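Scroll down for the structure; my scribbles are underneath it.
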Amino acid sequence: MERLQKVMAHAGVASRRKSEEIIAAGRVKVNGEVVTEMGTKVDPQKDTIEVDGEEIEKEQKVYLKLYKPTGYVTTVKDPQGRKTVLDLIDGVDKRIYPAGRLDLDSSGLLLLTNDGDLTHKITHPSHELDKEYEVVINGQLKRQEIKQFKKGIDLQEGRTAPAKINKVNEDNKNTTYKVIIHEGMNRQIRRMFDVLGYKVVSLIRVRIGNITLGSLNPGEHKALSREEVQDLLRLLQ
């Protein structure tokens with residue numbers, strides 16, 4: 001649900017401030033009823049909104065998956081002028097935003113959409129949606145440290161939920177682990193390893209629920225299929 005004036009602005013009716021004036025003037029109907037209150041919230045996909053008797057276009061839902069490279073911030077705009085993930089999206093004229101985040105130095109799967117309900121479900125830990133990562137660290141975890149991961153590690157916000165962790169491969173310096181969590185604390189995985197005294201060399205998210213990177217290369221994006229969206233929604237029920 002979004003504020004009526006915001007929906008009108010995104011539909012190209014007028015600026016948000018001008019849309020507020022139009023609402024106050026009694027020129028807007030929602031589902032056939034005149035609305036003049038600024039705080040009114042609507043569903044842009046379901047509600048019928050009319051301005052001066054003309055129905056505004058309903059916003060079509062967009063679902064994309066992106067292989068985020070390192071060096072991009074997961075925001076719509078960045079006050080520091082850094083490159084954002086939306087700089088990688090072309091050919092999409094809809095208003096979309098990231099559903100979740102990956103920090104500047106991390107790469108991998110990121111979902112982008114204009115579906116606010118889905119974004120909330122993806123990012124809220126109560127839905128326990130698995131997020132899988134390939135993590136390279138400088139060294140190798142001891143057996144007791146792996147047990148700590150699986151039990152939960154104390155961070156500033158509290159103890160993390162139990163994580164799944166398995167070793168993938170190793171060389172003389174580094175070890176690669178598959179890590180699965182369903183929370184989204186800021187830089188959580190990096191901080192979990194940091195608590196145990198290890199530095200993350202690289203971190204790639206390879207899966208969110210049923211959605212994987214597939215054949216995407218860094219910087220590429222692709223629309224989710226209807227089946228992928230439906231399966232994801234079922235996981236979040």
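In the structure tokens, chains take letters A, B, ... by order of appearance, with residues numbered from 1 within each chain and ligands from 1 in the order shown.
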
For this session: Would you mind listing what lies within 8 Å of Val206 in chain A as a list in words, with only C-alpha atoms counted and same-chain residues fewer than 5 positions away left out?
Result: Gly108, Leu109, Lys131, Glu132, Tyr133, Glu134, Thr212 and Leu213 of chain A

For this session: Using only C-alpha atoms, determine which residues lie at most 10 Å from Ile180 in chain A, disregarding the query and same-chain residues fewer than 5 positions distant; provide the list as a PyMOL selection string.
Result: chain A and resi 129-134+162-166+189+205+207-208

For this session: Please identify all polymer residues within 8 Å of range 78-90 of chain A, counting only C-alpha atoms, omitting same-chain residues fewer than 3 positions from it, and present them as a PyMOL selection string.
Result: chain A and resi 68+71-75+97+219-221

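The two atoms in question, CA of Glu145 in chain A and CA of Leu196 in chain A, are spaced 7.3 Å apart.
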
For this session: Identify which of the residues A:Met192, A:Lys61, A:Val136, A:Gln148 lies closest to Lys178 in chain A, counting only C-alpha atoms when measuring atom-to-atom distances.
Result: A:Val136

Exercise. From the set A:Glu59, A:Asp115, A:Asp105, A:Glu20, which residue has the shortest atom-to-atom contact distance to Asp47 in chain A, counting only C-alpha atoms?
Worked result: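 Nearest to Asp47 in chain A: A:Glu59.
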
For this session: Please identify all polymer residues within 9 Å of Asn31 in chain A, counting only C-alpha atoms, omitting same-chain residues fewer than 2 positions from it, and present them as a list in words.
Result: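 Within the cut-off, the hits are Lys29, Glu33, Val34, Asp47, Thr48, Ile49 and Glu50 of chain A.
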
Restrict the selected residues to C-alpha atoms and save them as a PDB file, in the first residue's frame.
ATOM      1  CA  LYS A  29     -11.813   9.121  -6.848  1.00  0.00           C
ATOM      2  CA  GLU A  33     -15.416   7.389  -3.985  1.00  0.00           C
ATOM      3  CA  VAL A  34     -14.066  10.948  -3.825  1.00  0.00           C
ATOM      4  CA  ASP A  47      -7.464   0.000  -6.775  1.00  0.00           C
ATOM      5  CA  THR A  48      -9.177   2.044  -9.498  1.00  0.00           C
ATOM      6  CA  ILE A  49      -7.961   5.640  -9.318  1.00  0.00           C
ATOM      7  CA  GLU A  50      -9.621   8.381 -11.354  1.00  0.00           C
TER       8      GLU A  50
END

Exercise. When you draw a straight line from CA of Arg3 in chain A to CA of Val92 in chain A, how long is it in Å?
Worked result: 23.3 Å

For this session: Rounded to one decimal place, report the CA of Asn138 in chain A-CA of Lys173 in chain A distance in Å.
Result: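 Taking CA of Asn138 in chain A and CA of Lys173 in chain A, their separation equals 6.0 Å.
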
Could you pull the residues within 9 Å of Glu157 in chain A, counting only C-alpha atoms, minus those fewer than 3 positions along the same chain, as a PDB file with N, CA, C and O atoms, in the first residue's frame?
ATOM      1  N   ASP A 154      27.174 -14.459  18.185  1.00  0.00           N
ATOM      2  CA  ASP A 154      26.739 -13.224  18.825  1.00  0.00           C
ATOM      3  C   ASP A 154      27.285 -12.007  18.088  1.00  0.00           C
ATOM      4  O   ASP A 154      28.503 -11.826  17.978  1.00  0.00           O
ATOM      5  N   THR A 160      22.798 -14.546  15.980  1.00  0.00           N
ATOM      6  CA  THR A 160      22.228 -14.888  14.685  1.00  0.00           C
ATOM      7  C   THR A 160      21.483 -16.212  14.774  1.00  0.00           C
ATOM      8  O   THR A 160      21.755 -17.041  15.649  1.00  0.00           O
ATOM      9  N   MET A 185      20.884  -9.106   8.569  1.00  0.00           N
ATOM     10  CA  MET A 185      21.603  -8.063   9.301  1.00  0.00           C
ATOM     11  C   MET A 185      22.662  -7.448   8.385  1.00  0.00           C
ATOM     12  O   MET A 185      23.183  -8.106   7.491  1.00  0.00           O
TER      13      MET A 185
END

For this session: Apply DSSP to the structure's backbone, then extract all residues of range 145-230 of chain A labelled strand (DSSP E) and return them as JSON, numbers by chain.
Result: {"A": [154, 155, 158, 159, 164, 165, 166, 167, 168, 169, 170, 175, 176, 177, 178, 179, 180, 181, 200, 201, 202, 203, 204, 205, 206, 207, 208, 211, 212, 221, 222, 223]}

Take the residues from that selection and write them out as an mmCIF file, in the first residue's frame, keeping N, CA and C atoms.
data_model
loop_
_atom_site.group_PDB
_atom_site.id
_atom_site.type_symbol
_atom_site.label_atom_id
_atom_site.label_comp_id
_atom_site.auth_asym_id
_atom_site.auth_seq_id
_atom_site.Cartn_x
_atom_site.Cartn_y
_atom_site.Cartn_z
ATOM 1 N N ASP A 154 27.174 -14.459 18.185
ATOM 2 C CA ASP A 154 26.739 -13.224 18.825
ATOM 3 C C ASP A 154 27.285 -12.007 18.088
ATOM 4 N N LEU A 155 26.365 -11.175 17.595
ATOM 5 C CA LEU A 155 26.712 -9.891 16.991
ATOM 6 C C LEU A 155 26.100 -8.780 17.844
ATOM 7 N N GLY A 158 22.483 -9.042 18.460
ATOM 8 C CA GLY A 158 22.059 -10.252 19.140
ATOM 9 C C GLY A 158 22.634 -11.479 18.445
ATOM 10 N N ARG A 159 22.223 -12.645 18.889
ATOM 11 C CA ARG A 159 22.733 -13.880 18.300
ATOM 12 C C ARG A 159 22.028 -14.175 16.976
ATOM 13 N N LYS A 164 23.572 -22.665 7.955
ATOM 14 C CA LYS A 164 24.086 -23.886 7.358
ATOM 15 C C LYS A 164 25.416 -23.551 6.691
ATOM 16 N N ILE A 165 26.430 -24.369 6.907
ATOM 17 C CA ILE A 165 27.740 -24.077 6.329
ATOM 18 C C ILE A 165 28.440 -25.380 5.941
ATOM 19 N N ASN A 166 28.992 -25.387 4.735
ATOM 20 C CA ASN A 166 29.736 -26.546 4.251
ATOM 21 C C ASN A 166 30.958 -26.079 3.465
ATOM 22 N N LYS A 167 32.064 -26.796 3.641
ATOM 23 C CA LYS A 167 33.267 -26.453 2.893
ATOM 24 C C LYS A 167 33.140 -26.944 1.458
ATOM 25 N N VAL A 168 33.521 -26.070 0.502
ATOM 26 C CA VAL A 168 33.447 -26.407 -0.916
ATOM 27 C C VAL A 168 34.812 -26.826 -1.432
ATOM 28 N N ASN A 169 35.821 -25.984 -1.196
ATOM 29 C CA ASN A 169 37.193 -26.343 -1.568
ATOM 30 C C ASN A 169 38.184 -25.477 -0.798
ATOM 31 N N GLU A 170 39.472 -25.769 -0.965
ATOM 32 C CA GLU A 170 40.517 -25.022 -0.267
ATOM 33 C C GLU A 170 41.794 -25.031 -1.091
ATOM 34 N N THR A 175 39.900 -20.729 1.855
ATOM 35 C CA THR A 175 38.915 -21.807 1.846
ATOM 36 C C THR A 175 37.578 -21.226 1.387
ATOM 37 N N THR A 176 36.867 -21.985 0.551
ATOM 38 C CA THR A 176 35.549 -21.572 0.071
ATOM 39 C C THR A 176 34.466 -22.354 0.806
ATOM 40 N N TYR A 177 33.475 -21.628 1.310
ATOM 41 C CA TYR A 177 32.368 -22.250 2.025
ATOM 42 C C TYR A 177 31.038 -21.880 1.362
ATOM 43 N N LYS A 178 30.092 -22.792 1.425
ATOM 44 C CA LYS A 178 28.708 -22.489 1.096
ATOM 45 C C LYS A 178 28.005 -22.165 2.407
ATOM 46 N N VAL A 179 27.420 -20.975 2.478
ATOM 47 C CA VAL A 179 26.749 -20.529 3.696
ATOM 48 C C VAL A 179 25.299 -20.189 3.350
ATOM 49 N N ILE A 180 24.353 -20.706 4.147
ATOM 50 C CA ILE A 180 22.935 -20.415 3.942
ATOM 51 C C ILE A 180 22.363 -19.797 5.212
ATOM 52 N N ILE A 181 21.800 -18.591 5.072
ATOM 53 C CA ILE A 181 21.148 -17.912 6.195
ATOM 54 C C ILE A 181 19.767 -17.436 5.730
ATOM 55 N N VAL A 200 36.874 -12.065 5.064
ATOM 56 C CA VAL A 200 36.218 -12.526 3.847
ATOM 57 C C VAL A 200 36.950 -11.945 2.642
ATOM 58 N N VAL A 201 37.454 -12.826 1.791
ATOM 59 C CA VAL A 201 38.166 -12.414 0.580
ATOM 60 C C VAL A 201 37.172 -12.079 -0.528
ATOM 61 N N SER A 202 36.140 -12.902 -0.675
ATOM 62 C CA SER A 202 35.077 -12.615 -1.639
ATOM 63 C C SER A 202 33.777 -13.245 -1.151
ATOM 64 N N LEU A 203 32.669 -12.628 -1.569
ATOM 65 C CA LEU A 203 31.350 -13.103 -1.157
ATOM 66 C C LEU A 203 30.393 -12.938 -2.333
ATOM 67 N N ILE A 204 29.800 -14.052 -2.755
ATOM 68 C CA ILE A 204 28.864 -14.042 -3.879
ATOM 69 C C ILE A 204 27.561 -14.689 -3.421
ATOM 70 N N ARG A 205 26.450 -13.985 -3.601
ATOM 71 C CA ARG A 205 25.156 -14.607 -3.310
ATOM 72 C C ARG A 205 24.700 -15.341 -4.565
ATOM 73 N N VAL A 206 24.395 -16.620 -4.435
ATOM 74 C CA VAL A 206 24.060 -17.441 -5.598
ATOM 75 C C VAL A 206 22.591 -17.848 -5.643
ATOM 76 N N ARG A 207 21.870 -17.653 -4.520
ATOM 77 C CA ARG A 207 20.469 -18.092 -4.511
ATOM 78 C C ARG A 207 19.673 -17.303 -3.483
ATOM 79 N N ILE A 208 18.419 -16.964 -3.845
ATOM 80 C CA ILE A 208 17.433 -16.423 -2.912
ATOM 81 C C ILE A 208 16.186 -17.280 -3.076
ATOM 82 N N ILE A 211 15.202 -18.793 -6.506
ATOM 83 C CA ILE A 211 15.806 -18.030 -7.599
ATOM 84 C C ILE A 211 17.329 -18.140 -7.527
ATOM 85 N N THR A 212 17.952 -18.521 -8.647
ATOM 86 C CA THR A 212 19.408 -18.641 -8.705
ATOM 87 C C THR A 212 19.969 -17.685 -9.754
ATOM 88 N N HIS A 221 21.134 -8.686 -16.244
ATOM 89 C CA HIS A 221 19.865 -8.892 -15.551
ATOM 90 C C HIS A 221 18.892 -9.601 -16.479
ATOM 91 N N LYS A 222 17.844 -10.163 -15.862
ATOM 92 C CA LYS A 222 16.867 -10.940 -16.616
ATOM 93 C C LYS A 222 15.536 -10.913 -15.887
ATOM 94 N N ALA A 223 14.437 -10.874 -16.625
ATOM 95 C CA ALA A 223 13.116 -10.926 -16.009
ATOM 96 C C ALA A 223 12.850 -12.320 -15.461
#
